[in-house]
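Asker: Below are the structure tokens for one structure; questions will follow.
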Amino acid sequence: MVTFYDELPPALARFLLAQHLFFVASGTAPDASSSSPKSSSTPRINVSPKGHARACLWLASPRRAAYLDLTGSGAETAAHLRADGRVTLMACAFVGAPRIVRLFGTGVYAERGSPEFEVLLREVAAAAGTAGDTADDAGDDINKGEDDEVDAADSAAALARRSRRFLALASHAGCRGAVLVDVQLAASSCGYAVPQLEFRADRETLKQWAENKGEAGLQQYRAEKNARSIDGLPALPSQSAAVTATRAAAPAATWSFAGPSFVTGL
């Protein structure tokens, strides 16, 4: 009921890009000095839902994924990536054929304005110009929807549309960074128990909240809410001098988009 892949196949990539929602799980290893696995000092595991998936998710290659991170009340994923690096992305079909797809890997958190973040934006902007038919297997049974990425006749135009949505969200006041993932293992399983749910619309509340806060208000909010995780781990380095000193993100050159974009034709 489960199939594992060393890298993300095109059919699963198309499935992921067709979803409106995905989930992100992260955590850190328990403190070896803790006397009990249930000790209050044991780091917590976090799971976060990510909406606006058709704008924020980007698949750069069979082994590279990225998504934009909007300002929220916590910064658990950012903190966990800095402390541990392990991360899992998961999406499931709520309409059409049942399916669950997971991406297991390691990641880095790129704050908005960082070299890594700027590399991501440049490559997304350039991707539409390098579109090819790298994932054009129309025979696969995927979770088809109304979005043009899924069944567009002109794959280059579809890629350009997704690129514009990604860049528009990246420029929104509420965007605080991006998660860059090195995919080490992909898995596809049945999803037979996942309920069928009808998509109505993306919620615009978080984006509207950020717009109302304004840049100064957002900076203050992030300093108060996003500098550290609930376990006290450093999260967003720009919000704390102490956090900045411990930053250990990989240099931009180690996370590249060489070759045609993987989202072409999806």
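As shown in the structure tokens, the chain order sets the letters A, B, ...; within each chain, residues go from 1, and ligands are also counted from 1 in the order they appear.
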List the spatial neighbours of segment 234-238 of chain A as a count of residues only - criterion: any atom at most 12 Å away, only C-alpha atoms, same-chain residues fewer than 3 positions off excluded.
Answerer: 45
Asker: Looking at only C-alpha atoms, which of A:Gly72, A:Val194, A:Gly232, A:Ala186 is the one that sits closest to Lys207 of chain A?
Answerer: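 Smallest distance to Lys207 of chain A is found for A:Gly72.
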Asker: Extract, using only C-alpha atoms, all DNA, RNA and protein residues at most 10 Å from Val87 of chain A, discarding same-chain residues fewer than 5 positions from it, and format them as a compact mmCIF listing (two decimals) with all heavy atoms, in the first residue's frame.
Answerer:
# COMPACT_ATOMS: atom_id res chain seq x y z
N VAL A 24 3.26 20.28 7.13
CA VAL A 24 4.69 20.25 7.39
C VAL A 24 4.91 19.76 8.82
O VAL A 24 4.31 20.29 9.76
CB VAL A 24 5.33 21.63 7.22
CG1 VAL A 24 6.83 21.57 7.51
CG2 VAL A 24 5.08 22.17 5.82
N ALA A 25 5.77 18.75 8.98
CA ALA A 25 6.10 18.23 10.31
C ALA A 25 7.60 18.40 10.54
O ALA A 25 8.41 18.19 9.64
CB ALA A 25 5.72 16.76 10.42
N SER A 26 7.94 18.76 11.78
CA SER A 26 9.35 18.95 12.13
C SER A 26 9.52 18.75 13.63
O SER A 26 8.55 18.74 14.39
CB SER A 26 9.83 20.35 11.73
OG SER A 26 9.09 21.35 12.42
N GLY A 27 10.76 18.62 14.06
CA GLY A 27 11.04 18.45 15.48
C GLY A 27 12.54 18.38 15.69
O GLY A 27 13.33 18.54 14.75
N THR A 28 12.93 18.15 16.92
CA THR A 28 14.33 17.97 17.25
C THR A 28 14.48 16.73 18.11
O THR A 28 13.51 16.26 18.72
CB THR A 28 14.89 19.18 18.03
OG1 THR A 28 14.17 19.33 19.25
CG2 THR A 28 14.77 20.46 17.21
N THR A 77 8.77 25.57 12.76
CA THR A 77 9.51 24.92 11.67
C THR A 77 10.87 25.57 11.48
O THR A 77 11.89 24.88 11.33
CB THR A 77 8.71 24.99 10.36
OG1 THR A 77 7.43 24.39 10.55
CG2 THR A 77 9.45 24.24 9.25
N HIS A 80 13.14 24.44 14.31
CA HIS A 80 13.53 23.03 14.19
C HIS A 80 14.55 22.81 13.08
O HIS A 80 15.47 21.99 13.20
CB HIS A 80 12.29 22.17 13.95
CG HIS A 80 11.38 22.11 15.13
ND1 HIS A 80 10.05 21.74 15.04
CD2 HIS A 80 11.59 22.40 16.45
CE1 HIS A 80 9.49 21.79 16.24
NE2 HIS A 80 10.41 22.19 17.11
N LEU A 81 14.40 23.54 11.98
CA LEU A 81 15.35 23.38 10.89
C LEU A 81 16.74 23.86 11.31
O LEU A 81 17.76 23.28 10.91
CB LEU A 81 14.87 24.14 9.65
CG LEU A 81 13.63 23.56 8.96
CD1 LEU A 81 13.27 24.40 7.75
CD2 LEU A 81 13.86 22.11 8.56
N LEU A 103 7.08 13.77 1.48
CA LEU A 103 8.46 14.07 1.12
C LEU A 103 9.27 14.13 2.41
O LEU A 103 9.03 15.00 3.26
CB LEU A 103 8.57 15.40 0.37
CG LEU A 103 7.76 15.55 -0.92
CD1 LEU A 103 8.03 16.92 -1.54
CD2 LEU A 103 8.06 14.43 -1.89
N PHE A 104 10.20 13.21 2.56
CA PHE A 104 11.08 13.19 3.73
C PHE A 104 12.41 13.82 3.34
O PHE A 104 12.97 13.50 2.29
CB PHE A 104 11.33 11.76 4.20
CG PHE A 104 10.08 10.98 4.52
CD1 PHE A 104 9.45 10.20 3.55
CD2 PHE A 104 9.52 11.02 5.79
CE1 PHE A 104 8.31 9.47 3.84
CE2 PHE A 104 8.38 10.30 6.09
CZ PHE A 104 7.77 9.52 5.12
N GLY A 105 12.93 14.69 4.20
CA GLY A 105 14.20 15.31 3.84
C GLY A 105 14.77 16.17 4.94
O GLY A 105 14.36 16.10 6.11
N THR A 106 15.71 16.98 4.56
CA THR A 106 16.29 17.97 5.46
C THR A 106 16.14 19.34 4.79
O THR A 106 16.06 19.44 3.57
CB THR A 106 17.78 17.69 5.73
OG1 THR A 106 18.50 17.68 4.49
CG2 THR A 106 17.96 16.35 6.43
N GLY A 107 16.12 20.38 5.62
CA GLY A 107 15.90 21.69 5.04
C GLY A 107 16.63 22.79 5.78
O GLY A 107 17.22 22.58 6.85
N VAL A 108 16.60 23.96 5.17
CA VAL A 108 17.10 25.18 5.79
C VAL A 108 16.01 26.23 5.70
O VAL A 108 15.15 26.18 4.81
CB VAL A 108 18.40 25.70 5.11
CG1 VAL A 108 19.53 24.70 5.26
CG2 VAL A 108 18.15 26.02 3.65
N VAL A 179 11.07 27.91 3.20
CA VAL A 179 11.69 26.65 3.63
C VAL A 179 12.22 25.94 2.39
O VAL A 179 11.47 25.71 1.43
CB VAL A 179 10.68 25.77 4.38
CG1 VAL A 179 11.26 24.38 4.64
CG2 VAL A 179 10.28 26.43 5.70
N VAL A 181 13.96 22.56 0.93
CA VAL A 181 14.02 21.16 1.33
C VAL A 181 14.84 20.34 0.35
O VAL A 181 14.60 20.39 -0.87
CB VAL A 181 12.61 20.56 1.45
CG1 VAL A 181 12.69 19.10 1.88
CG2 VAL A 181 11.76 21.35 2.43
N ASP A 182 15.79 19.58 0.87
CA ASP A 182 16.48 18.54 0.12
C ASP A 182 15.71 17.24 0.32
O ASP A 182 15.71 16.68 1.42
CB ASP A 182 17.92 18.37 0.60
CG ASP A 182 18.81 19.50 0.15
OD1 ASP A 182 18.90 19.73 -1.06
OD2 ASP A 182 19.41 20.16 1.02
N VAL A 183 15.04 16.77 -0.72
CA VAL A 183 14.21 15.57 -0.62
C VAL A 183 15.10 14.33 -0.66
O VAL A 183 15.81 14.09 -1.63
CB VAL A 183 13.18 15.53 -1.77
CG1 VAL A 183 12.34 14.26 -1.68
CG2 VAL A 183 12.29 16.76 -1.72
Asker: Might you pull out every residue within 12 Å of Leu197 of chain A, with only C-alpha atoms counted and same-chain residues fewer than 6 positions away left off, and present them as an mmCIF file with all heavy atoms, in the first residue's frame?
Answerer:
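Below you can see result09.cif, which holds the result:
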data_model
loop_
_atom_site.group_PDB
_atom_site.id
_atom_site.type_symbol
_atom_site.label_atom_id
_atom_site.label_comp_id
_atom_site.auth_asym_id
_atom_site.auth_seq_id
_atom_site.Cartn_x
_atom_site.Cartn_y
_atom_site.Cartn_z
ATOM 1 N N HIS A 20 -4.533 22.095 -2.716
ATOM 2 C CA HIS A 20 -4.758 23.411 -2.113
ATOM 3 C C HIS A 20 -4.169 23.495 -0.708
ATOM 4 O O HIS A 20 -4.098 24.582 -0.128
ATOM 5 C CB HIS A 20 -6.256 23.704 -2.030
ATOM 6 C CG HIS A 20 -6.914 23.853 -3.366
ATOM 7 N ND1 HIS A 20 -6.796 25.000 -4.134
ATOM 8 C CD2 HIS A 20 -7.694 22.996 -4.076
ATOM 9 C CE1 HIS A 20 -7.477 24.844 -5.258
ATOM 10 N NE2 HIS A 20 -8.025 23.650 -5.256
ATOM 11 N N LEU A 21 -3.770 22.359 -0.167
ATOM 12 C CA LEU A 21 -3.324 22.291 1.223
ATOM 13 C C LEU A 21 -2.262 21.206 1.363
ATOM 14 O O LEU A 21 -2.374 20.142 0.755
ATOM 15 C CB LEU A 21 -4.521 21.957 2.128
ATOM 16 C CG LEU A 21 -4.248 21.629 3.596
ATOM 17 C CD1 LEU A 21 -3.851 22.890 4.358
ATOM 18 C CD2 LEU A 21 -5.495 20.992 4.239
ATOM 19 N N CYS A 92 -2.569 15.146 0.872
ATOM 20 C CA CYS A 92 -3.472 14.031 0.598
ATOM 21 C C CYS A 92 -4.626 14.495 -0.278
ATOM 22 O O CYS A 92 -4.982 15.670 -0.284
ATOM 23 C CB CYS A 92 -3.991 13.413 1.899
ATOM 24 S SG CYS A 92 -4.625 14.577 3.104
ATOM 25 N N ALA A 93 -5.184 13.557 -1.012
ATOM 26 C CA ALA A 93 -6.281 13.872 -1.919
ATOM 27 C C ALA A 93 -7.591 13.921 -1.149
ATOM 28 O O ALA A 93 -7.941 12.978 -0.441
ATOM 29 C CB ALA A 93 -6.353 12.824 -3.024
ATOM 30 N N PHE A 94 -8.316 15.027 -1.287
ATOM 31 C CA PHE A 94 -9.644 15.148 -0.709
ATOM 32 C C PHE A 94 -10.733 14.980 -1.759
ATOM 33 O O PHE A 94 -11.911 14.862 -1.426
ATOM 34 C CB PHE A 94 -9.792 16.498 -0.016
ATOM 35 C CG PHE A 94 -8.878 16.667 1.169
ATOM 36 C CD1 PHE A 94 -7.811 17.543 1.110
ATOM 37 C CD2 PHE A 94 -9.081 15.937 2.329
ATOM 38 C CE1 PHE A 94 -6.970 17.699 2.200
ATOM 39 C CE2 PHE A 94 -8.243 16.078 3.426
ATOM 40 C CZ PHE A 94 -7.179 16.966 3.357
ATOM 41 N N VAL A 95 -10.348 15.009 -3.045
ATOM 42 C CA VAL A 95 -11.268 14.734 -4.150
ATOM 43 C C VAL A 95 -10.548 13.796 -5.109
ATOM 44 O O VAL A 95 -9.322 13.686 -5.089
ATOM 45 C CB VAL A 95 -11.696 16.016 -4.891
ATOM 46 C CG1 VAL A 95 -12.474 16.942 -3.959
ATOM 47 C CG2 VAL A 95 -10.494 16.737 -5.468
ATOM 48 N N GLY A 96 -11.315 13.120 -5.944
ATOM 49 C CA GLY A 96 -10.696 12.232 -6.921
ATOM 50 C C GLY A 96 -10.147 10.971 -6.289
ATOM 51 O O GLY A 96 -10.546 10.568 -5.191
ATOM 52 N N PRO A 98 -8.003 8.429 -4.206
ATOM 53 C CA PRO A 98 -7.318 8.607 -2.924
ATOM 54 C C PRO A 98 -5.807 8.471 -3.079
ATOM 55 O O PRO A 98 -5.316 7.653 -3.853
ATOM 56 C CB PRO A 98 -7.887 7.490 -2.054
ATOM 57 C CG PRO A 98 -8.320 6.433 -3.024
ATOM 58 C CD PRO A 98 -8.797 7.184 -4.240
#
Asker: So, with only C-alpha atoms as the atoms that count, which of A:Leu233, A:Ala201, A:Leu159, A:Ala187 lies closest to Asp6 of chain A?
Answerer: A:Ala187
Asker: Tell me which protein, DNA and RNA residues are within 9 Å of Ser163 of chain A, counting only C-alpha atoms, leaving out same-chain ones fewer than 4 positions away, and put them as a list in words.
Answerer: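 Non-adjacent residues within range: Ala55, Trp58, Val124, Ala125, Ala126, Ala127, Ala128, Ala158, Leu159, Leu167 and Ala168 of chain A.
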Asker: Rounded to one decimal, what separation in Å do you get between atom CA of Val101 of chain A and atom CA of Asp202 of chain A?
Answerer: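 According to the coordinates, atom CA of Val101 of chain A and atom CA of Asp202 of chain A are separated by 21.1 Å.
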Asker: Which one is closest to Ala60 of chain A: A:Ile100, A:Leu120, A:Ala11, A:Ala91? Count only C-alpha atoms.
Answerer: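 Closest to Ala60 of chain A of all the choices is A:Leu120.
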